[in-house]
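Q: File follows, structure_9.pdb with PDB, C-alpha atoms and all ligand atoms:
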ATOM      1  CA  MET A  18     -67.693 -39.113 -93.588  1.00  0.00           C
ATOM      2  CA  SER A  19     -66.038 -39.128 -90.180  1.00  0.00           C
ATOM      3  CA  LYS A  20     -67.894 -40.682 -87.254  1.00  0.00           C
ATOM      4  CA  VAL A  21     -69.253 -38.840 -84.223  1.00  0.00           C
ATOM      5  CA  HIS A  22     -69.105 -40.816 -80.975  1.00  0.00           C
ATOM      6  CA  VAL A  23     -71.271 -39.463 -78.161  1.00  0.00           C
ATOM      7  CA  MET A  24     -70.020 -40.983 -74.919  1.00  0.00           C
ATOM      8  CA  ASP A  25     -73.068 -41.726 -72.833  1.00  0.00           C
ATOM      9  CA  HIS A  26     -71.293 -43.556 -69.999  1.00  0.00           C
ATOM     10  CA  PRO A  27     -73.106 -42.654 -66.735  1.00  0.00           C
ATOM     11  CA  LEU A  28     -69.886 -41.486 -65.043  1.00  0.00           C
ATOM     12  CA  ILE A  29     -69.112 -39.111 -67.908  1.00  0.00           C
ATOM     13  CA  GLN A  30     -72.678 -37.791 -67.995  1.00  0.00           C
ATOM     14  CA  HIS A  31     -72.818 -37.287 -64.216  1.00  0.00           C
ATOM     15  CA  LYS A  32     -69.545 -35.367 -64.143  1.00  0.00           C
ATOM     16  CA  LEU A  33     -70.533 -33.306 -67.187  1.00  0.00           C
ATOM     17  CA  THR A  34     -73.661 -32.178 -65.331  1.00  0.00           C
ATOM     18  CA  LEU A  35     -71.478 -30.910 -62.482  1.00  0.00           C
ATOM     19  CA  ILE A  36     -69.140 -29.207 -64.959  1.00  0.00           C
ATOM     20  CA  ARG A  37     -72.037 -27.378 -66.643  1.00  0.00           C
ATOM     21  CA  ASN A  38     -73.402 -26.047 -63.332  1.00  0.00           C
ATOM     22  CA  LYS A  39     -72.500 -22.356 -62.965  1.00  0.00           C
ATOM     23  CA  GLU A  40     -72.154 -22.833 -59.192  1.00  0.00           C
ATOM     24  CA  THR A  41     -69.160 -25.173 -59.712  1.00  0.00           C
ATOM     25  CA  GLY A  42     -65.984 -23.265 -58.802  1.00  0.00           C
ATOM     26  CA  ALA A  43     -62.640 -23.295 -60.620  1.00  0.00           C
ATOM     27  CA  LYS A  44     -60.987 -25.959 -58.424  1.00  0.00           C
ATOM     28  CA  GLU A  45     -63.811 -28.452 -58.779  1.00  0.00           C
ATOM     29  CA  PHE A  46     -64.276 -27.549 -62.446  1.00  0.00           C
ATOM     30  CA  ARG A  47     -60.609 -28.343 -63.163  1.00  0.00           C
ATOM     31  CA  GLU A  48     -60.769 -31.641 -61.281  1.00  0.00           C
ATOM     32  CA  LEU A  49     -63.942 -32.712 -63.069  1.00  0.00           C
ATOM     33  CA  VAL A  50     -62.614 -31.820 -66.528  1.00  0.00           C
ATOM     34  CA  GLU A  51     -59.498 -33.888 -65.782  1.00  0.00           C
ATOM     35  CA  GLU A  52     -61.624 -36.840 -64.619  1.00  0.00           C
ATOM     36  CA  VAL A  53     -63.920 -36.731 -67.645  1.00  0.00           C
ATOM     37  CA  ALA A  54     -60.901 -36.514 -69.955  1.00  0.00           C
ATOM     38  CA  LEU A  55     -59.487 -39.669 -68.366  1.00  0.00           C
ATOM     39  CA  LEU A  56     -62.795 -41.488 -68.843  1.00  0.00           C
ATOM     40  CA  MET A  57     -63.036 -40.300 -72.448  1.00  0.00           C
ATOM     41  CA  ALA A  58     -59.469 -41.448 -73.166  1.00  0.00           C
ATOM     42  CA  TYR A  59     -60.470 -44.910 -71.962  1.00  0.00           C
ATOM     43  CA  GLU A  60     -63.043 -45.070 -74.778  1.00  0.00           C
ATOM     44  CA  VAL A  61     -61.008 -43.253 -77.432  1.00  0.00           C
ATOM     45  CA  TYR A  62     -58.134 -45.708 -77.037  1.00  0.00           C
ATOM     46  CA  ARG A  63     -60.417 -48.750 -77.070  1.00  0.00           C
ATOM     47  CA  ASP A  64     -58.992 -49.915 -80.421  1.00  0.00           C
ATOM     48  CA  LEU A  65     -55.285 -49.719 -79.526  1.00  0.00           C
ATOM     49  CA  PRO A  66     -53.514 -52.766 -80.951  1.00  0.00           C
ATOM     50  CA  LEU A  67     -52.256 -55.407 -78.529  1.00  0.00           C
ATOM     51  CA  GLU A  68     -49.469 -57.953 -78.798  1.00  0.00           C
ATOM     52  CA  GLU A  69     -48.825 -61.191 -76.963  1.00  0.00           C
ATOM     53  CA  THR A  70     -46.298 -61.445 -74.165  1.00  0.00           C
ATOM     54  CA  GLU A  71     -45.514 -63.774 -71.303  1.00  0.00           C
ATOM     55  CA  VAL A  72     -44.801 -62.949 -67.655  1.00  0.00           C
ATOM     56  CA  ASP A  73     -43.877 -65.014 -64.629  1.00  0.00           C
ATOM     57  CA  THR A  74     -46.470 -64.680 -61.905  1.00  0.00           C
ATOM     58  CA  PRO A  75     -45.606 -65.943 -58.410  1.00  0.00           C
ATOM     59  CA  ILE A  76     -47.363 -69.189 -59.422  1.00  0.00           C
ATOM     60  CA  GLY A  77     -46.345 -69.787 -63.043  1.00  0.00           C
ATOM     61  CA  LYS A  78     -46.189 -68.434 -66.590  1.00  0.00           C
ATOM     62  CA  ALA A  79     -49.073 -66.311 -67.868  1.00  0.00           C
ATOM     63  CA  SER A  80     -49.746 -65.543 -71.512  1.00  0.00           C
ATOM     64  CA  CYS A  81     -50.788 -61.890 -71.535  1.00  0.00           C
ATOM     65  CA  LYS A  82     -51.209 -58.886 -73.775  1.00  0.00           C
ATOM     66  CA  VAL A  83     -49.533 -55.476 -73.869  1.00  0.00           C
ATOM     67  CA  ILE A  84     -50.177 -52.416 -76.023  1.00  0.00           C
ATOM     68  CA  ALA A  85     -48.174 -52.904 -79.208  1.00  0.00           C
ATOM     69  CA  GLY A  86     -45.809 -49.974 -78.855  1.00  0.00           C
ATOM     70  CA  LYS A  87     -47.950 -47.524 -80.791  1.00  0.00           C
ATOM     71  CA  LYS A  88     -46.650 -43.975 -80.756  1.00  0.00           C
ATOM     72  CA  LEU A  89     -49.299 -41.621 -79.420  1.00  0.00           C
ATOM     73  CA  GLY A  90     -49.636 -37.880 -79.088  1.00  0.00           C
ATOM     74  CA  ILE A  91     -52.017 -35.559 -77.280  1.00  0.00           C
ATOM     75  CA  ILE A  92     -52.451 -32.078 -78.723  1.00  0.00           C
ATOM     76  CA  PRO A  93     -54.326 -29.601 -76.495  1.00  0.00           C
ATOM     77  CA  ILE A  94     -55.618 -26.411 -78.082  1.00  0.00           C
ATOM     78  CA  LEU A  95     -54.573 -23.678 -75.626  1.00  0.00           C
ATOM     79  CA  ARG A  96     -55.815 -22.592 -73.290  1.00  0.00           C
ATOM     80  CA  ALA A  97     -58.805 -24.707 -72.401  1.00  0.00           C
ATOM     81  CA  GLY A  98     -57.455 -27.925 -73.936  1.00  0.00           C
ATOM     82  CA  LEU A  99     -54.792 -27.942 -71.220  1.00  0.00           C
ATOM     83  CA  GLY A 100     -57.471 -28.938 -68.728  1.00  0.00           C
ATOM     84  CA  MET A 101     -57.877 -32.302 -70.449  1.00  0.00           C
ATOM     85  CA  VAL A 102     -54.205 -33.289 -70.721  1.00  0.00           C
ATOM     86  CA  ASP A 103     -53.435 -34.545 -67.208  1.00  0.00           C
ATOM     87  CA  GLY A 104     -56.380 -36.951 -67.166  1.00  0.00           C
ATOM     88  CA  MET A 105     -55.334 -38.464 -70.478  1.00  0.00           C
ATOM     89  CA  ILE A 106     -51.651 -38.666 -69.594  1.00  0.00           C
ATOM     90  CA  LYS A 107     -52.560 -40.646 -66.486  1.00  0.00           C
ATOM     91  CA  LEU A 108     -53.845 -43.408 -68.740  1.00  0.00           C
ATOM     92  CA  ILE A 109     -51.212 -43.100 -71.477  1.00  0.00           C
ATOM     93  CA  PRO A 110     -48.038 -41.878 -69.759  1.00  0.00           C
ATOM     94  CA  ALA A 111     -45.868 -42.584 -72.817  1.00  0.00           C
ATOM     95  CA  ALA A 112     -47.825 -40.191 -75.027  1.00  0.00           C
ATOM     96  CA  LYS A 113     -46.039 -37.025 -76.073  1.00  0.00           C
ATOM     97  CA  VAL A 114     -47.823 -33.698 -75.727  1.00  0.00           C
ATOM     98  CA  GLY A 115     -47.795 -30.968 -78.375  1.00  0.00           C
ATOM     99  CA  HIS A 116     -49.317 -27.544 -77.815  1.00  0.00           C
ATOM    100  CA  ILE A 117     -51.183 -25.395 -80.310  1.00  0.00           C
ATOM    101  CA  GLY A 118     -52.207 -21.926 -79.166  1.00  0.00           C
ATOM    102  CA  ILE A 119     -55.364 -20.646 -80.837  1.00  0.00           C
ATOM    103  CA  TYR A 120     -57.887 -18.114 -79.624  1.00  0.00           C
ATOM    104  CA  ARG A 121     -61.114 -17.089 -81.188  1.00  0.00           C
ATOM    105  CA  ASP A 122     -61.362 -13.440 -82.175  1.00  0.00           C
ATOM    106  CA  PRO A 123     -64.418 -12.277 -80.166  1.00  0.00           C
ATOM    107  CA  GLU A 124     -65.679 -10.077 -83.022  1.00  0.00           C
ATOM    108  CA  THR A 125     -65.156 -12.249 -86.074  1.00  0.00           C
ATOM    109  CA  LEU A 126     -65.144 -15.636 -84.258  1.00  0.00           C
ATOM    110  CA  GLN A 127     -62.228 -16.561 -86.544  1.00  0.00           C
ATOM    111  CA  PRO A 128     -59.366 -18.615 -85.036  1.00  0.00           C
ATOM    112  CA  VAL A 129     -56.072 -16.792 -84.428  1.00  0.00           C
ATOM    113  CA  GLU A 130     -52.940 -18.930 -84.009  1.00  0.00           C
ATOM    114  CA  TYR A 131     -50.280 -17.682 -81.610  1.00  0.00           C
ATOM    115  CA  TYR A 132     -48.190 -20.667 -80.494  1.00  0.00           C
ATOM    116  CA  CYS A 133     -47.101 -24.083 -81.661  1.00  0.00           C
ATOM    117  CA  LYS A 134     -44.704 -26.606 -80.171  1.00  0.00           C
ATOM    118  CA  LEU A 135     -45.073 -30.171 -81.394  1.00  0.00           C
ATOM    119  CA  PRO A 136     -43.127 -33.420 -80.989  1.00  0.00           C
ATOM    120  CA  THR A 137     -40.721 -33.672 -83.942  1.00  0.00           C
ATOM    121  CA  ASP A 138     -42.097 -37.065 -84.979  1.00  0.00           C
ATOM    122  CA  ILE A 139     -45.823 -36.209 -85.136  1.00  0.00           C
ATOM    123  CA  HIS A 140     -46.049 -37.830 -88.583  1.00  0.00           C
ATOM    124  CA  GLU A 141     -45.333 -41.187 -86.875  1.00  0.00           C
ATOM    125  CA  ARG A 142     -47.860 -40.731 -84.054  1.00  0.00           C
ATOM    126  CA  ASP A 143     -51.586 -41.286 -83.672  1.00  0.00           C
ATOM    127  CA  LEU A 144     -52.800 -37.923 -82.408  1.00  0.00           C
ATOM    128  CA  ILE A 145     -55.779 -36.782 -80.423  1.00  0.00           C
ATOM    129  CA  VAL A 146     -56.606 -33.090 -80.478  1.00  0.00           C
ATOM    130  CA  VAL A 147     -58.312 -32.056 -77.238  1.00  0.00           C
ATOM    131  CA  ASP A 148     -60.430 -29.007 -76.472  1.00  0.00           C
ATOM    132  CA  PRO A 149     -63.455 -28.894 -74.163  1.00  0.00           C
ATOM    133  CA  MET A 150     -65.550 -26.834 -76.603  1.00  0.00           C
ATOM    134  CA  LEU A 151     -66.373 -27.384 -80.276  1.00  0.00           C
ATOM    135  CA  ALA A 152     -68.453 -24.307 -81.098  1.00  0.00           C
ATOM    136  CA  THR A 153     -68.167 -22.977 -84.671  1.00  0.00           C
ATOM    137  CA  GLY A 154     -65.448 -25.577 -85.233  1.00  0.00           C
ATOM    138  CA  GLY A 155     -63.026 -22.930 -86.507  1.00  0.00           C
ATOM    139  CA  SER A 156     -60.357 -23.533 -83.836  1.00  0.00           C
ATOM    140  CA  ALA A 157     -60.425 -27.323 -84.078  1.00  0.00           C
ATOM    141  CA  SER A 158     -60.423 -27.270 -87.866  1.00  0.00           C
ATOM    142  CA  ALA A 159     -57.460 -24.852 -87.924  1.00  0.00           C
ATOM    143  CA  ALA A 160     -55.528 -26.989 -85.411  1.00  0.00           C
ATOM    144  CA  ILE A 161     -56.108 -30.121 -87.487  1.00  0.00           C
ATOM    145  CA  ASP A 162     -55.039 -28.243 -90.665  1.00  0.00           C
ATOM    146  CA  PHE A 163     -51.892 -27.207 -88.862  1.00  0.00           C
ATOM    147  CA  LEU A 164     -51.075 -30.796 -87.874  1.00  0.00           C
ATOM    148  CA  LYS A 165     -51.785 -32.146 -91.356  1.00  0.00           C
ATOM    149  CA  GLN A 166     -49.500 -29.505 -92.890  1.00  0.00           C
ATOM    150  CA  ARG A 167     -46.749 -30.963 -90.696  1.00  0.00           C
ATOM    151  CA  GLY A 168     -47.362 -34.513 -91.885  1.00  0.00           C
ATOM    152  CA  ALA A 169     -49.791 -35.828 -89.249  1.00  0.00           C
ATOM    153  CA  LYS A 170     -52.193 -38.508 -90.479  1.00  0.00           C
ATOM    154  CA  GLY A 171     -54.090 -40.419 -87.811  1.00  0.00           C
ATOM    155  CA  ILE A 172     -55.993 -37.680 -85.956  1.00  0.00           C
ATOM    156  CA  LYS A 173     -59.012 -37.855 -83.627  1.00  0.00           C
ATOM    157  CA  LEU A 174     -60.790 -34.921 -82.009  1.00  0.00           C
ATOM    158  CA  VAL A 175     -61.989 -35.152 -78.386  1.00  0.00           C
ATOM    159  CA  CYS A 176     -64.255 -32.456 -76.905  1.00  0.00           C
ATOM    160  CA  LEU A 177     -66.585 -32.291 -73.932  1.00  0.00           C
ATOM    161  CA  ILE A 178     -69.417 -30.372 -75.587  1.00  0.00           C
ATOM    162  CA  ALA A 179     -70.083 -29.755 -79.268  1.00  0.00           C
ATOM    163  CA  ALA A 180     -72.554 -27.614 -81.152  1.00  0.00           C
ATOM    164  CA  PRO A 181     -74.057 -29.151 -84.302  1.00  0.00           C
ATOM    165  CA  GLU A 182     -72.391 -26.336 -86.285  1.00  0.00           C
ATOM    166  CA  GLY A 183     -68.928 -27.338 -85.022  1.00  0.00           C
ATOM    167  CA  ILE A 184     -69.400 -30.995 -85.850  1.00  0.00           C
ATOM    168  CA  GLU A 185     -70.592 -30.094 -89.339  1.00  0.00           C
ATOM    169  CA  ARG A 186     -67.587 -27.823 -89.899  1.00  0.00           C
ATOM    170  CA  VAL A 187     -64.994 -30.402 -88.814  1.00  0.00           C
ATOM    171  CA  GLN A 188     -66.691 -33.159 -90.810  1.00  0.00           C
ATOM    172  CA  LYS A 189     -66.737 -30.913 -93.898  1.00  0.00           C
ATOM    173  CA  ASP A 190     -63.085 -29.855 -93.554  1.00  0.00           C
ATOM    174  CA  HIS A 191     -61.666 -33.160 -92.255  1.00  0.00           C
ATOM    175  CA  ASP A 192     -63.743 -36.178 -93.207  1.00  0.00           C
ATOM    176  CA  ASP A 193     -60.976 -38.516 -91.975  1.00  0.00           C
ATOM    177  CA  VAL A 194     -61.131 -37.238 -88.370  1.00  0.00           C
ATOM    178  CA  ASP A 195     -63.470 -39.041 -85.954  1.00  0.00           C
ATOM    179  CA  ILE A 196     -65.006 -36.834 -83.268  1.00  0.00           C
ATOM    180  CA  PHE A 197     -65.566 -37.945 -79.660  1.00  0.00           C
ATOM    181  CA  VAL A 198     -67.845 -35.842 -77.446  1.00  0.00           C
ATOM    182  CA  ALA A 199     -69.703 -36.180 -74.162  1.00  0.00           C
ATOM    183  CA  ALA A 200     -72.659 -34.133 -75.422  1.00  0.00           C
ATOM    184  CA  VAL A 201     -74.044 -32.435 -78.513  1.00  0.00           C
ATOM    185  CA  ASP A 202     -75.938 -29.314 -77.473  1.00  0.00           C
ATOM    186  CA  GLU A 203     -78.704 -27.348 -79.180  1.00  0.00           C
ATOM    187  CA  ARG A 204     -77.015 -24.489 -80.977  1.00  0.00           C
ATOM    188  CA  LEU A 205     -74.726 -21.445 -80.846  1.00  0.00           C
ATOM    189  CA  ASN A 206     -75.899 -18.066 -79.561  1.00  0.00           C
ATOM    190  CA  ASP A 207     -75.203 -14.737 -81.298  1.00  0.00           C
ATOM    191  CA  HIS A 208     -71.747 -14.566 -79.656  1.00  0.00           C
ATOM    192  CA  GLY A 209     -70.783 -18.049 -80.832  1.00  0.00           C
ATOM    193  CA  TYR A 210     -71.223 -19.638 -77.391  1.00  0.00           C
ATOM    194  CA  ILE A 211     -72.709 -23.093 -77.093  1.00  0.00           C
ATOM    195  CA  VAL A 212     -76.274 -23.158 -75.694  1.00  0.00           C
ATOM    196  CA  PRO A 213     -76.664 -24.386 -72.988  1.00  0.00           C
ATOM    197  CA  GLY A 214     -72.951 -25.380 -72.909  1.00  0.00           C
ATOM    198  CA  LEU A 215     -70.887 -24.552 -69.852  1.00  0.00           C
ATOM    199  CA  GLY A 216     -69.886 -20.942 -70.499  1.00  0.00           C
ATOM    200  CA  ASP A 217     -66.308 -19.959 -71.304  1.00  0.00           C
ATOM    201  CA  ALA A 218     -64.193 -23.054 -70.694  1.00  0.00           C
ATOM    202  CA  GLY A 219     -60.848 -21.207 -70.445  1.00  0.00           C
ATOM    203  CA  ASP A 220     -62.208 -18.658 -67.977  1.00  0.00           C
ATOM    204  CA  ARG A 221     -63.830 -21.333 -65.811  1.00  0.00           C
ATOM    205  CA  LEU A 222     -60.691 -23.497 -65.788  1.00  0.00           C
ATOM    206  CA  PHE A 223     -58.265 -20.734 -64.975  1.00  0.00           C
ATOM    207  CA  GLY A 224     -60.510 -18.430 -62.941  1.00  0.00           C
ATOM    208  CA  THR A 225     -60.090 -15.503 -65.336  1.00  0.00           C
ATOM    209  CA  LYS A 226     -62.964 -13.009 -65.748  1.00  0.00           C
TER     210      LYS A 226
HETATM  211  C1  LIG B 301     -62.507 -21.632 -76.841  1.00  0.00           C
HETATM  212  C2  LIG B 301     -62.441 -23.134 -76.786  1.00  0.00           C
HETATM  213  C3  LIG B 301     -62.095 -23.493 -78.188  1.00  0.00           C
HETATM  214  C4  LIG B 301     -62.819 -22.435 -78.991  1.00  0.00           C
HETATM  215  C5  LIG B 301     -64.050 -23.037 -79.563  1.00  0.00           C
HETATM  216  O1  LIG B 301     -61.265 -21.070 -76.793  1.00  0.00           O
HETATM  217  O2  LIG B 301     -61.548 -23.620 -75.836  1.00  0.00           O
HETATM  218  O3  LIG B 301     -60.707 -23.470 -78.458  1.00  0.00           O
HETATM  219  O4  LIG B 301     -63.161 -21.390 -78.085  1.00  0.00           O
HETATM  220  O5  LIG B 301     -64.676 -22.148 -80.428  1.00  0.00           O
HETATM  221  P1  LIG B 301     -64.778 -22.405 -81.985  1.00  0.00           P
HETATM  222  O6  LIG B 301     -65.186 -23.832 -82.170  1.00  0.00           O
HETATM  223  O7  LIG B 301     -65.861 -21.443 -82.396  1.00  0.00           O
HETATM  224  O8  LIG B 301     -63.474 -22.092 -82.621  1.00  0.00           O
HETATM  225  P2  LIG B 301     -61.049 -19.474 -76.689  1.00  0.00           P
HETATM  226  O9  LIG B 301     -61.011 -18.859 -78.045  1.00  0.00           O
HETATM  227  O10 LIG B 301     -62.063 -18.917 -75.751  1.00  0.00           O
HETATM  228  O11 LIG B 301     -59.590 -19.354 -76.113  1.00  0.00           O
HETATM  229  P3  LIG B 301     -59.052 -19.735 -74.664  1.00  0.00           P
HETATM  230  O12 LIG B 301     -59.075 -21.236 -74.554  1.00  0.00           O
HETATM  231  O13 LIG B 301     -57.660 -19.191 -74.679  1.00  0.00           O
HETATM  232  O14 LIG B 301     -59.926 -19.080 -73.638  1.00  0.00           O
HETATM  233  N1  LIG B 302     -65.674 -21.258 -76.264  1.00  0.00           N
HETATM  234  C1  LIG B 302     -66.079 -21.530 -75.001  1.00  0.00           C
HETATM  235  O1  LIG B 302     -65.252 -21.544 -74.067  1.00  0.00           O
HETATM  236  N2  LIG B 302     -67.375 -21.772 -74.793  1.00  0.00           N
HETATM  237  C2  LIG B 302     -68.273 -21.767 -75.778  1.00  0.00           C
HETATM  238  O2  LIG B 302     -69.465 -22.013 -75.512  1.00  0.00           O
HETATM  239  C3  LIG B 302     -67.839 -21.486 -77.077  1.00  0.00           C
HETATM  240  C4  LIG B 302     -66.520 -21.244 -77.289  1.00  0.00           C
END
Now, as a test, write the supplied structure out as structure tokens.
A:
Amino acid sequence: MSKVHVMDHPLIQHKLTLIRNKETGAKEFRELVEEVALLMAYEVYRDLPLEETEVDTPIGKASCKVIAGKKLGIIPILRAGLGMVDGMIKLIPAAKVGHIGIYRDPETLQPVEYYCKLPTDIHERDLIVVDPMLATGGSASAAIDFLKQRGAKGIKLVCLIAAPEGIERVQKDHDDVDIFVAAVDERLNDHGYIVPGLGDAGDRLFGTK
């Protein structure tokens, strides 16, 4: 069974409260999502392997550590996942970014794929799939399927808010994929929105609707 990590760091929780607030406008919403994504990346990449190196400081030689050249990839699910990319890239500038376009059919709530552009070597990279919302789990599960069909192996899922239903779905479909979230909310409403959630993440990020 994959693990669920709920990130309870005070900075993440404080910013998530601001993100949830319906009075928060698109500019601030975007900035906060980027900041929380950066903070989440800090935790998600906690187990990156290190190797020894040596540098000359102005005073003498220092034995130090650097990240051991691991190939990384960040895969946002369009649209809303885009809001999390810049924060993560700030921490891991060498990561490559692949895009998967999926929207949820508003009637059936089933994921519909419409775009995909991935780094050619995704099978060699440790990937994190990012999307602010894990609701029914259909979109995330489909995106992970898509990556696995193309040879990807080490995949993690990073979301701001999850519903219990979404976590259950991803764990059932992909028991090798650990899930990182800032909060697990109560439930889904009749339209498949997370309660209390933050509303429609794509619309709030991009000012649509
Ligand atoms: C939202 C969200 C997720 C999906 C979650 O995207 O960003 O991708 O819904 O729902 P699920 O877990 O039930 O699949 P949406 O379909 O609204 O598309 P958008 O990002 O283009 O607005
Ligand atoms: N997509 C969103 O943007 N918000 C939800 O609550 C559920 C799906």
Q: Quick one: axis-aligned box around all listed atoms of ligand LIG 301 (chain B), 3 Å on every side, centre and edge lengths in Å to one decimal, written as lines of an AutoDock Vina configuration file.
A:
center_x = -61.8
center_y = -21.3
center_z = -78.1
size_x = 14.2
size_y = 11.0
size_z = 15.0
Q: Taking the file as I've supplied it (selection: the PyMOL selection byres (((chain A and resi 222) around 12) and not hetatm)), which residues are included? Please answer as a VMD selection string.
A: chain A and resid 36 41 to 51 95 to 101 149 215 to 221 223 to 226
Q: Could you give me, as a short mmCIF file (atom, residue, chain, number, x, y, z; two decimals) with C-alpha atoms, in the coordinates of the input, the residues within 9 Å of Ile184 (chain A), counting all atoms listed in the file and dropping anything in the same chain fewer than 5 positions from it?
A:
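Saved the output as around.cif:
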data_model
loop_
_atom_site.label_atom_id
_atom_site.label_comp_id
_atom_site.auth_asym_id
_atom_site.auth_seq_id
_atom_site.Cartn_x
_atom_site.Cartn_y
_atom_site.Cartn_z
CA VAL A 21 -69.25 -38.84 -84.22
CA LEU A 151 -66.37 -27.38 -80.28
CA ALA A 152 -68.45 -24.31 -81.10
CA THR A 153 -68.17 -22.98 -84.67
CA GLY A 154 -65.45 -25.58 -85.23
CA ALA A 179 -70.08 -29.76 -79.27
CA LYS A 189 -66.74 -30.91 -93.90
CA ILE A 196 -65.01 -36.83 -83.27
CA VAL A 201 -74.04 -32.44 -78.51
#
Q: Using only C-alpha atoms, pick whichever of A:Ile161, A:Val212, A:Ile84, A:Val114 has the shortest atom-to-atom distance to Asp138 (chain A).
A: A:Val114
Q: Find the distance between CA of Val146 (chain A) and atom O6 of ligand LIG 301 (chain B) and write it in Å to one decimal.
A: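 Distance between the two atoms: 12.7 Å.
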Q: How would you write, as an MDAnalysis selection string, the residues chosen by the PyMOL selection byres (((chain A and resi 68) around 7) and not hetatm) on this structure?
A: chainID A and resid 66:67 69:70 82:85
Q: Can you tell me which residues surround Glu124 (chain A) at a distance of at most 12 Å, considering all atoms listed in the file, apart from same-chain residues fewer than 3 positions away, and format the answer as a list in words?
A: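 Everything that qualifies: Tyr120, Arg121, Gln127, Pro128, Val129, Asp207, His208 and Gly209 of chain A.
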Q: Of the residues A:Pro93, A:Pro110, A:Pro213, A:Gly104, which is the one nearest to ligand LIG 301 (chain B), using only C-alpha atoms and all ligand atoms?
A: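 Result for the nearest residue to ligand LIG 301 (chain B): A:Pro93.
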Q: Looking at all atoms listed in the file, which of A:Asp190, A:Gly77, A:Gln30, A:Asp122 is the one that sits closest to ligand LIG 301 (chain B)?
A: A:Asp122
Q: Which is closest to ligand LIG 301 (chain B) among A:Cys176, A:Leu164, A:Leu55, A:Met18, if we use all atoms listed in the file?
A: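 Smallest separation from ligand LIG 301 (chain B) among the options: A:Cys176.
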